[in-house]
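Structure first, then comments.
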Amino acid sequence: MRSVAARVTAGALVLAVTLLVVGQLLGQPILLGYVATGSMEPTMDAGDGFVAIPDAVTGSPSEGDVVVFDAEELHGGELTTHRIVEETPEGYVTAGDANPFTDQGGDEPPVSDDQIVAVAWQPGGEVVTIPYLGTAIMGVQGALESAYGTAASVIGVSPADSHGMGSALVGLGVALFGVGLLLDRVGVTRRETARSTSRENVYAFWGTVALVVFVIVALATAAMVAPAGTYEYEVAVTESPTDDPQILAPGETGELTREVENAGYAPVVVVHETGGGLEAEPGSQTLGPRSESATTLSVSAPQETGEYTSHVGEYRYLTVLPPSLLVWLHGIHPLAAIAAVDLVLVSAVVGTVILLFGRGDFRIRSPGDHVPLSTRLRRRLRRWR
């Protein structure tokens with residue numbers, strides 16, 4: 001039972017760390033998020049983690065919900081976790097539980113549905129928190145970014161690049177930490193004197209690979225589906241048009257500019273589908289890590305006066321295939337493009353595992369605490385000689 005409990009605990013910890021890191025790299029919380037400040041006290045202390053449900057699953061939030069939204073002014077335009085305190089025609093009014101004022105009382109405009117990326121899980125009205133989870137991640141991130149900043153100054157890399165590279169190193173460093181912890185804890189914890197004929201700590205090759213593939217496909221699919229969505233634009237057709245591109249004369253054409261942002265560290269292809277007299281130029285874009293681009297939306301007003309709704313749908317795909325091929329697959333069906341991306345990732349994972357470990361079953365053994373670390377490393381490196 002002790003061994004099973006250790007494995008479950010290690011697996012849960014590795015999964016939690018992986019979800020936090022992948023969510024940071026993609027700029028989209030995936031099941032887990034954390035707060036970095038005390039603005040949500042006493043609901044959540046600084047450094048607490050929480051369960052974040054993508055907005056695509058929850059739908060439109062309501063007053064009282066704690067949401068993660070892509071701020072325009074707060075924290076330099078980064079993701080912010082605050083509570084909705086009021087719904088208005090202009091958007092949501094938000095505030096931290098510990099703040100005596102609302103975000104909109106400052107420079108932050110009302111929050112729209114387009115800005116909300118996740119909703120905190122609140123069974124019974126209480127946010128489910130994971131104490132100190134964010135503190136651990138931020139500690140590792142700070143150490144790695146500091147190390148990179150020092151190295152950057154030595155090799156002459158611009159310090160401005162250190163934040164992005166530091167965040168990328170967090171993903172690698174924490175992932176390696178999680179793998180190392182898993183390897184150290186899933187084995188037996190004491191030296192056995194009796195030999196057993198059972199194959200303990202042996203895991204079937206294809207079963208293990210299938211589990212890894214499932215996790216990767218789930219994360220990749222969530223990264224493509226969660227940020228996608230349809231956005232509506234109201235157009236008023238009147239005999240008294242103004243300079244507003246959404247208030248037009250009958251038959252007139254106006255132009256809107258839509259900012260498209262990739263908040264993650266994985267390059268993506270964004271495909272636009274329009275309707276209701278709306279056209280997008282360009283129809284597709286390739287965005288690099290942590291970058292943004294503009295799309296011009298042309299609105300054609302009908303000949304009759306009235307209020308009309310136009311819409312544009314955004315579809316995102318990880319750039320593991322040529323952008324033109326992803327756009328072509330999207331033209332067949334969005335699921336075809338998603339399936340192609342997942343297939344490439346699956347092939348890469350399976351091929352890498354077979355190349356590194358062969359096709360035999362995995363056996364994970366722990367040598368015990370009495371074996372020095374240097375001896376463990378020599379034993380692990382011996383296989384590569």
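Within each chain, counting starts at residue 1; across the structure tokens, chains are named A, B, ... in the order shown, with ligands numbered 1 upward in that order.
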(message) Let's see if you can do this: from backbone DSSP, list all helix (DSSP H, G or I) residues in range 265-346 of chain A, as a PyMOL selection string.
(response) chain A and resi 323-332+334-346
Selection from above, C-alpha atoms, as an mmCIF file, in the first residue's frame, can you write it?
```cif
data_model
loop_
_atom_site.group_PDB
_atom_site.id
_atom_site.type_symbol
_atom_site.label_atom_id
_atom_site.label_comp_id
_atom_site.auth_asym_id
_atom_site.auth_seq_id
_atom_site.Cartn_x
_atom_site.Cartn_y
_atom_site.Cartn_z
ATOM 1 C CA PRO A 323 0.941 26.128 -42.847
ATOM 2 C CA SER A 324 -0.424 25.717 -46.381
ATOM 3 C CA LEU A 325 -1.119 22.029 -45.693
ATOM 4 C CA LEU A 326 -2.903 22.846 -42.427
ATOM 5 C CA VAL A 327 -5.055 25.440 -44.207
ATOM 6 C CA TRP A 328 -5.900 22.886 -46.914
ATOM 7 C CA LEU A 329 -6.830 20.283 -44.292
ATOM 8 C CA HIS A 330 -8.964 22.873 -42.519
ATOM 9 C CA GLY A 331 -10.798 23.428 -45.805
ATOM 10 C CA ILE A 332 -11.785 19.760 -45.719
ATOM 11 C CA PRO A 334 -11.323 21.444 -38.893
ATOM 12 C CA LEU A 335 -11.207 17.967 -37.354
ATOM 13 C CA ALA A 336 -9.022 16.813 -40.264
ATOM 14 C CA ALA A 337 -6.405 19.458 -39.404
ATOM 15 C CA ILE A 338 -6.546 18.624 -35.680
ATOM 16 C CA ALA A 339 -6.232 14.904 -36.421
ATOM 17 C CA ALA A 340 -3.219 15.540 -38.671
ATOM 18 C CA VAL A 341 -1.452 17.554 -35.953
ATOM 19 C CA ASP A 342 -2.166 14.864 -33.356
ATOM 20 C CA LEU A 343 -0.926 12.153 -35.740
ATOM 21 C CA VAL A 344 2.386 13.973 -36.249
ATOM 22 C CA LEU A 345 2.852 14.370 -32.495
ATOM 23 C CA VAL A 346 1.992 10.734 -31.849
#
```
(request) Name the residues in contact with Pro241 in chain A at a cut-off of 12 Å, using only C-alpha atoms, excluding same-chain residues fewer than 5 positions from it; report them as a PyMOL selection string. (result) chain A and resi 235-236+246-254+301+305-306
(message) Neighbouring residues of Val51 in chain A were defined as those with any atom within 7 Å, considering only C-alpha atoms; residues of the same chain fewer than 3 positions away were excluded. Please report them as a PyMOL selection string.
(response) chain A and resi 31-33+120-121+128
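Here CA of Asn99 in chain A stands at a distance of 22.0 Å from CA of Val117 in chain A.
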(request) List the neighbours of Asp65 in chain A out to 8 Å using only C-alpha atoms; skip same-chain residues closer than 6 positions along the sequence, and give me the result as a PyMOL selection string. (result) chain A and resi 83-84+119-120+122
Emit the selected residues as an mmCIF file, in the first residue's frame, including C-alpha atoms.
```
data_model
loop_
_atom_site.group_PDB
_atom_site.id
_atom_site.type_symbol
_atom_site.label_atom_id
_atom_site.label_comp_id
_atom_site.auth_asym_id
_atom_site.auth_seq_id
_atom_site.Cartn_x
_atom_site.Cartn_y
_atom_site.Cartn_z
ATOM 1 C CA ARG A 83 -13.969 37.788 -9.606
ATOM 2 C CA ILE A 84 -16.875 39.117 -11.697
ATOM 3 C CA VAL A 119 -13.279 29.868 -15.005
ATOM 4 C CA ALA A 120 -12.150 28.677 -11.569
ATOM 5 C CA GLN A 122 -16.315 26.617 -7.544
#
```
(message) To one decimal place in Å, what is the distance between CA of Met40 in chain A and CA of Ala95 in chain A?
(response)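 That distance, rounded to one decimal, is 8.5 Å.
Taking CA of Ala36 in chain A and CA of Thr58 in chain A as endpoints, the distance between them is 23.7 Å.
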(request) Name the closest residue to Glu73 in chain A among the candidates A:Ser347, A:Gln104, A:Ser60, A:Thr129; distances are taken between atoms, counting only C-alpha atoms. (result)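 Counting only C-alpha atoms, the residue closest to Glu73 in chain A is A:Gln104.
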(message) Just want the 7 Å neighbourhood of Leu79 in chain A, counted on only C-alpha atoms, with same-chain residues fewer than 2 positions away dropped. Output as a list in words.
(response) Val68, Phe69, Asp70, Ala71, Gly77 and Thr81 of chain A
